[in-house]
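All remarks here apply to the structure that follows.
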Amino acid sequence: MAEFAQLRDRMVEVQLAGRGVRDRRVLKAMAQVPRERFVESGFEEFAYEDGALPIANAQTISQPYIVALMSEAAELKPADKVLEVGTGSGYAAAVASRLAGSVHTIERHADLARIAALRLAAQGYDNCVVHTGDGTRGLPAEAPFDAILVAAGGPTVPNALKSQLAVGGRLVIPVGAREDEQSLLRVTRRSEAEYDEETFGAVRFVPLIGEHGWAEDGTRAASNHIPGRTRFRSLPEMIGAAIEPLPALEDPAFGALFDRFAQCRVVLLGEASHGTSEFYQARAAITRHLIEKHGFTIVAVEADWPDAAAIDRYVRHRASRGSGERPFERFPTWMWRNTDVAAFVAWMRKHNEGKPTGEPAGFFGLDIYNMRSSIAAVLAYLDGVDPEAAAVARERYGCLTPWQREPSTYGRAVLTEGYRKCEAEILRQCQDILKKELDYAASDPDSFLDAAQNARLIASAERYYRIMYYGGAESWNLRDTHMFETLGHILDAQGPRSKAVVWAHNSHIGDARFTEMGAVRDELNIGQLCREKFAEAACLIGFGTHTGTVAAASDWDGEMEVMQVRPSRPDSYERLFHDAGAASGFLEFRRDESLRRCLLEPRLERFIGVIYRPSTELQSHYAEASMPQQFDAFLWFDETHSVRPLGPEHRPTGVPDTYPFGL
Ligand code: SAM
């Protein structure tokens, strides 16, 4: 029926592909087999719901996702001979029969076996044979099998089943010490005597009852496991096998690793601290490649808009605004005034030099802190295009004058000391500029975008400093929403084919829903908002390290120090990567499904910002996250080094103090 076919397609899309089932043959088979014909009469309307359903003898037809997951894990091939233990309704056997050459399925309840056999025959699944008996013993007369799927949970892996695998064969089975809770295991027979074992995460099945499973009364059968035969792969071993080695940063092969993200609209590159050279260098190398080879023209960074705008004018060979103000003079200066950023900025300027066609690559700031420069920039712009409007703006922004140097005191003054709040004037000013877009932007759209963005920033910052006084999620959310909206304005200004690379801390670019930030504190971030808007066209890449040095301060507004980064904690994700043994590497989570599932369970991850306090590291810098959901991929440098802040020694002779910004 057309209606069921539609429901089935939707199930494949939402419940299976949406949860990470990737094997196209499995998705196709799941889209072919009519589950409504395997459920009990009266349950047809629930056939495509996301769960198991009751069948006779107090058993169940498995959840569609579990059937797909097991079929995928078993890597069924067209010529394979398959054994399924636990026929139940016959549904999983029907799916396996679409993927393999022949399927033997065995059920301990004779009634279930009889009905399933009739169903399968009636629907033409003639490469399926149904048997009645204790499947924990396997089916010696038909062995060996290329794959064995066990649809009920046992206390251990029955040796009878392992021994009936062909060499190279896969046994997929839920195993757990309690009857109602198991891990899904895949045991692969490597040779006569060797087996590898991997886990695919927690599952819940009805009990496997039989000689090598549970006894009817729930006690564990005695005769089943010969220990020592199975080689269990640890998580670091799995990471070590899956992680892609990194070519040297200057090798073109390094950039080419990221060709796989060429079609993305936004590639977000994180960092696990604001003062680690390798993170900056790697982001620069990836960005250069995406700009040169794949038409990315926007570099949007976690920096203040007016400061980044000065760099943008420099890299795009536009005239300096000549205000004499140097960008990135405020704490933490090393975040953008460092040798790695200087080298990247120089590269961008050179890349844009004499570019005959196409959009030059621009450098934009997403952040909201430099309200004073934004006010100056709006006034300077209006002085040029509309002096009358400039006079009105001066009056309105005058409300903020007492707080321009220390905006953080504005919120307290407004809330506790009854000072006038400036919100209405600031918003009106922003609206007035946006309303005049047609007049103002015609001759110079870039300058209009700059002014409009500064006016938006002032409006966001006014609100930010007011609500910051209370602390909590609201001010964080306002800041990240502003950053996301700014990114949207830049993309829109460059048209529907524009593509951006974002540089921001892991805490901004890793999807907040899968970290303590989102789960406990209701905070969102740019990464989450990008995923919600761009779906697969957004790629979130986190960065991490085990130890080394970092540039940071002990307190806000303090001096920059080069500090030792403590070795990562034994219970952290970083330690798993360290134990994997690679000096550096790249892990794209979707490329290894079993590893991805094993890493899903939340664990600690380290976040160092501009402040680093090693003595209280656990409380100050670690938070729980589910890394494979937070990021699409992770870039690893086992040992890292602090950035070098720009000082006079980095200025070539004859170049003025403003190098490399040339302003
Ligand atoms: N694959 C089934 C489907 O698609 O409908 C779901 C099966 S249900 C979750 C598990 C089945 O395993 C039950 O029908 C149960 O009777 C059967 N079972 C439990 N222990 C068994 C054993 N030792 N041998 C054969 N079948 C067993």
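Residue names in the structure tokens use chain letters A, B, ... in the order shown, residue numbers from 1 in each chain, and ligand numbers from 1 in the order shown.
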Please report as JSON lines every residue of chain A lying within 9 Å of ligand 1, along with the nearest atom pair and their distance in Å (one decimal), using only C-alpha atoms and all ligand atoms.
{"residue": "A:Phe38", "atom": "CA", "partner": "ligand 1", "partner_atom_place_in_ligand_line": "5 (O)", "distance": 7.4}
{"residue": "A:Val39", "atom": "CA", "partner": "ligand 1", "partner_atom_place_in_ligand_line": "5 (O)", "distance": 8.1}
{"residue": "A:Ala52", "atom": "CA", "partner": "ligand 1", "partner_atom_place_in_ligand_line": "9 (C)", "distance": 7.9}
{"residue": "A:Leu53", "atom": "CA", "partner": "ligand 1", "partner_atom_place_in_ligand_line": "5 (O)", "distance": 8.8}
{"residue": "A:Ile55", "atom": "CA", "partner": "ligand 1", "partner_atom_place_in_ligand_line": "5 (O)", "distance": 8.0}
{"residue": "A:Ala56", "atom": "CA", "partner": "ligand 1", "partner_atom_place_in_ligand_line": "14 (O)", "distance": 8.4}
{"residue": "A:Asn57", "atom": "CA", "partner": "ligand 1", "partner_atom_place_in_ligand_line": "16 (O)", "distance": 7.3}
{"residue": "A:Ala58", "atom": "CA", "partner": "ligand 1", "partner_atom_place_in_ligand_line": "16 (O)", "distance": 8.1}
{"residue": "A:Gln59", "atom": "CA", "partner": "ligand 1", "partner_atom_place_in_ligand_line": "13 (C)", "distance": 5.1}
{"residue": "A:Thr60", "atom": "CA", "partner": "ligand 1", "partner_atom_place_in_ligand_line": "8 (S)", "distance": 4.7}
{"residue": "A:Ile61", "atom": "CA", "partner": "ligand 1", "partner_atom_place_in_ligand_line": "5 (O)", "distance": 3.4}
{"residue": "A:Ser62", "atom": "CA", "partner": "ligand 1", "partner_atom_place_in_ligand_line": "6 (C)", "distance": 4.8}
{"residue": "A:Gln63", "atom": "CA", "partner": "ligand 1", "partner_atom_place_in_ligand_line": "4 (O)", "distance": 8.1}
{"residue": "A:Pro64", "atom": "CA", "partner": "ligand 1", "partner_atom_place_in_ligand_line": "4 (O)", "distance": 8.5}
{"residue": "A:Val67", "atom": "CA", "partner": "ligand 1", "partner_atom_place_in_ligand_line": "4 (O)", "distance": 7.1}
{"residue": "A:Glu84", "atom": "CA", "partner": "ligand 1", "partner_atom_place_in_ligand_line": "1 (N)", "distance": 7.6}
{"residue": "A:Val85", "atom": "CA", "partner": "ligand 1", "partner_atom_place_in_ligand_line": "25 (C)", "distance": 5.1}
{"residue": "A:Gly86", "atom": "CA", "partner": "ligand 1", "partner_atom_place_in_ligand_line": "12 (O)", "distance": 3.2}
{"residue": "A:Thr87", "atom": "CA", "partner": "ligand 1", "partner_atom_place_in_ligand_line": "2 (C)", "distance": 4.8}
{"residue": "A:Gly88", "atom": "CA", "partner": "ligand 1", "partner_atom_place_in_ligand_line": "14 (O)", "distance": 3.5}
{"residue": "A:Ser89", "atom": "CA", "partner": "ligand 1", "partner_atom_place_in_ligand_line": "5 (O)", "distance": 3.8}
{"residue": "A:Gly90", "atom": "CA", "partner": "ligand 1", "partner_atom_place_in_ligand_line": "5 (O)", "distance": 5.1}
{"residue": "A:Tyr91", "atom": "CA", "partner": "ligand 1", "partner_atom_place_in_ligand_line": "4 (O)", "distance": 4.0}
{"residue": "A:Ala92", "atom": "CA", "partner": "ligand 1", "partner_atom_place_in_ligand_line": "4 (O)", "distance": 3.9}
{"residue": "A:Ala93", "atom": "CA", "partner": "ligand 1", "partner_atom_place_in_ligand_line": "4 (O)", "distance": 6.6}
{"residue": "A:Ala94", "atom": "CA", "partner": "ligand 1", "partner_atom_place_in_ligand_line": "4 (O)", "distance": 8.2}
{"residue": "A:Val95", "atom": "CA", "partner": "ligand 1", "partner_atom_place_in_ligand_line": "4 (O)", "distance": 8.7}
{"residue": "A:Thr105", "atom": "CA", "partner": "ligand 1", "partner_atom_place_in_ligand_line": "25 (C)", "distance": 8.4}
{"residue": "A:Ile106", "atom": "CA", "partner": "ligand 1", "partner_atom_place_in_ligand_line": "25 (C)", "distance": 5.3}
{"residue": "A:Glu107", "atom": "CA", "partner": "ligand 1", "partner_atom_place_in_ligand_line": "26 (N)", "distance": 3.7}
{"residue": "A:Arg108", "atom": "CA", "partner": "ligand 1", "partner_atom_place_in_ligand_line": "25 (C)", "distance": 4.1}
{"residue": "A:His109", "atom": "CA", "partner": "ligand 1", "partner_atom_place_in_ligand_line": "16 (O)", "distance": 5.6}
{"residue": "A:Leu112", "atom": "CA", "partner": "ligand 1", "partner_atom_place_in_ligand_line": "14 (O)", "distance": 6.9}
{"residue": "A:Ala113", "atom": "CA", "partner": "ligand 1", "partner_atom_place_in_ligand_line": "14 (O)", "distance": 8.4}
{"residue": "A:Ala116", "atom": "CA", "partner": "ligand 1", "partner_atom_place_in_ligand_line": "5 (O)", "distance": 8.7}
{"residue": "A:His131", "atom": "CA", "partner": "ligand 1", "partner_atom_place_in_ligand_line": "25 (C)", "distance": 8.9}
{"residue": "A:Thr132", "atom": "CA", "partner": "ligand 1", "partner_atom_place_in_ligand_line": "25 (C)", "distance": 7.4}
{"residue": "A:Gly133", "atom": "CA", "partner": "ligand 1", "partner_atom_place_in_ligand_line": "24 (N)", "distance": 6.0}
{"residue": "A:Asp134", "atom": "CA", "partner": "ligand 1", "partner_atom_place_in_ligand_line": "24 (N)", "distance": 4.0}
{"residue": "A:Gly135", "atom": "CA", "partner": "ligand 1", "partner_atom_place_in_ligand_line": "24 (N)", "distance": 3.5}
{"residue": "A:Thr136", "atom": "CA", "partner": "ligand 1", "partner_atom_place_in_ligand_line": "23 (N)", "distance": 4.8}
{"residue": "A:Arg137", "atom": "CA", "partner": "ligand 1", "partner_atom_place_in_ligand_line": "23 (N)", "distance": 7.7}
{"residue": "A:Gly138", "atom": "CA", "partner": "ligand 1", "partner_atom_place_in_ligand_line": "24 (N)", "distance": 8.4}
{"residue": "A:Leu149", "atom": "CA", "partner": "ligand 1", "partner_atom_place_in_ligand_line": "1 (N)", "distance": 8.8}
{"residue": "A:Val150", "atom": "CA", "partner": "ligand 1", "partner_atom_place_in_ligand_line": "12 (O)", "distance": 7.7}
{"residue": "A:Ala151", "atom": "CA", "partner": "ligand 1", "partner_atom_place_in_ligand_line": "10 (C)", "distance": 4.9}
{"residue": "A:Ala152", "atom": "CA", "partner": "ligand 1", "partner_atom_place_in_ligand_line": "10 (C)", "distance": 4.7}
{"residue": "A:Gly153", "atom": "CA", "partner": "ligand 1", "partner_atom_place_in_ligand_line": "19 (C)", "distance": 7.9}
{"residue": "A:Gly154", "atom": "CA", "partner": "ligand 1", "partner_atom_place_in_ligand_line": "20 (N)", "distance": 8.3}
{"residue": "A:Phe205", "atom": "CA", "partner": "ligand 1", "partner_atom_place_in_ligand_line": "9 (C)", "distance": 5.8}
{"residue": "A:Val206", "atom": "CA", "partner": "ligand 1", "partner_atom_place_in_ligand_line": "9 (C)", "distance": 5.6}
{"residue": "A:Pro207", "atom": "CA", "partner": "ligand 1", "partner_atom_place_in_ligand_line": "19 (C)", "distance": 5.8}
{"residue": "A:Leu208", "atom": "CA", "partner": "ligand 1", "partner_atom_place_in_ligand_line": "20 (N)", "distance": 3.6}
{"residue": "A:Ile209", "atom": "CA", "partner": "ligand 1", "partner_atom_place_in_ligand_line": "20 (N)", "distance": 4.0}
{"residue": "A:Gly210", "atom": "CA", "partner": "ligand 1", "partner_atom_place_in_ligand_line": "23 (N)", "distance": 4.2}
{"residue": "A:Glu211", "atom": "CA", "partner": "ligand 1", "partner_atom_place_in_ligand_line": "23 (N)", "distance": 7.3}
{"residue": "A:His212", "atom": "CA", "partner": "ligand 1", "partner_atom_place_in_ligand_line": "23 (N)", "distance": 7.7}
{"residue": "A:Gly213", "atom": "CA", "partner": "ligand 1", "partner_atom_place_in_ligand_line": "23 (N)", "distance": 6.6}
{"residue": "A:Trp214", "atom": "CA", "partner": "ligand 1", "partner_atom_place_in_ligand_line": "20 (N)", "distance": 8.3}
For segment 327-413 of chain A versus segment 490-502 of chain A, which residues have an atom no more than 10 Å away, and what is each residue's nearest atom pair and distance in Å rounded to one decimal, using only C-alpha atoms, chain-then-number order, as JSON lines?
{"residue": "A:Glu359", "atom": "CA", "partner": "A:Gln494", "partner_atom": "CA", "distance": 8.3}
{"residue": "A:Ala361", "atom": "CA", "partner": "A:Ala500", "partner_atom": "CA", "distance": 9.7}
{"residue": "A:Gly362", "atom": "CA", "partner": "A:Ala500", "partner_atom": "CA", "distance": 9.7}
{"residue": "A:Phe363", "atom": "CA", "partner": "A:Val501", "partner_atom": "CA", "distance": 9.9}
{"residue": "A:Phe364", "atom": "CA", "partner": "A:Ile490", "partner_atom": "CA", "distance": 8.2}
{"residue": "A:Gly365", "atom": "CA", "partner": "A:Val502", "partner_atom": "CA", "distance": 9.7}
{"residue": "A:Leu366", "atom": "CA", "partner": "A:Val502", "partner_atom": "CA", "distance": 9.2}
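If only C-alpha atoms are the atoms counted, then among A:Leu246, A:Glu192, A:Asn454, A:Asp632 the closest residue to Glu536 of chain A is A:Asp632.
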Q: Can you pull out every residue within 8 Å of Phe586 of chain A, counting only C-alpha atoms, but drop anything in the same chain fewer than 6 positions away, and send it as a list in words?
A: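 Returned residues: Ile243, Glu244, Pro245, Leu246, Ala633, Phe634, Leu635 and Trp636 of chain A.
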Output file for the residues above (C-alpha atoms, as a short mmCIF file (atom, residue, chain, number, x, y, z; two decimals), in the first residue's frame):
data_model
loop_
_atom_site.label_atom_id
_atom_site.label_comp_id
_atom_site.auth_asym_id
_atom_site.auth_seq_id
_atom_site.Cartn_x
_atom_site.Cartn_y
_atom_site.Cartn_z
CA ILE A 243 42.93 7.89 12.82
CA GLU A 244 44.33 9.25 9.55
CA PRO A 245 47.95 10.39 9.80
CA LEU A 246 48.61 14.09 9.20
CA ALA A 633 35.71 15.18 13.06
CA PHE A 634 38.62 15.76 15.43
CA LEU A 635 42.12 16.99 14.70
CA TRP A 636 44.72 15.74 17.15
#
Q. Within 7 Å of Glu181 of chain A, counting only C-alpha atoms, which residues qualify if same-chain residues fewer than 4 places away don't, as number ranges by chain?
A. A: 176, 203-204
Hey, can you spit out that residue selection with all heavy atoms as an mmCIF file, in the first residue's frame?
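Writing done, so here's part_34.cif:
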data_model
loop_
_atom_site.group_PDB
_atom_site.id
_atom_site.type_symbol
_atom_site.label_atom_id
_atom_site.label_comp_id
_atom_site.auth_asym_id
_atom_site.auth_seq_id
_atom_site.Cartn_x
_atom_site.Cartn_y
_atom_site.Cartn_z
ATOM 1 N N GLY A 176 25.325 -9.581 27.785
ATOM 2 C CA GLY A 176 25.342 -8.785 29.015
ATOM 3 C C GLY A 176 25.201 -9.661 30.228
ATOM 4 O O GLY A 176 24.549 -10.717 30.171
ATOM 5 N N VAL A 203 22.436 -2.056 24.168
ATOM 6 C CA VAL A 203 21.161 -2.459 23.547
ATOM 7 C C VAL A 203 20.342 -3.226 24.587
ATOM 8 O O VAL A 203 20.846 -3.571 25.658
ATOM 9 C CB VAL A 203 21.402 -3.382 22.319
ATOM 10 C CG1 VAL A 203 21.906 -2.598 21.118
ATOM 11 C CG2 VAL A 203 22.370 -4.509 22.649
ATOM 12 N N ARG A 204 19.072 -3.479 24.254
ATOM 13 C CA ARG A 204 18.243 -4.260 25.173
ATOM 14 C C ARG A 204 17.399 -5.261 24.373
ATOM 15 O O ARG A 204 16.556 -4.858 23.574
ATOM 16 C CB ARG A 204 17.325 -3.323 25.954
ATOM 17 C CG ARG A 204 16.489 -4.046 26.973
ATOM 18 C CD ARG A 204 15.717 -3.081 27.794
ATOM 19 N NE ARG A 204 16.585 -2.351 28.702
ATOM 20 C CZ ARG A 204 16.131 -1.644 29.726
ATOM 21 N NH1 ARG A 204 14.841 -1.572 29.955
ATOM 22 N NH2 ARG A 204 16.956 -1.002 30.525
#
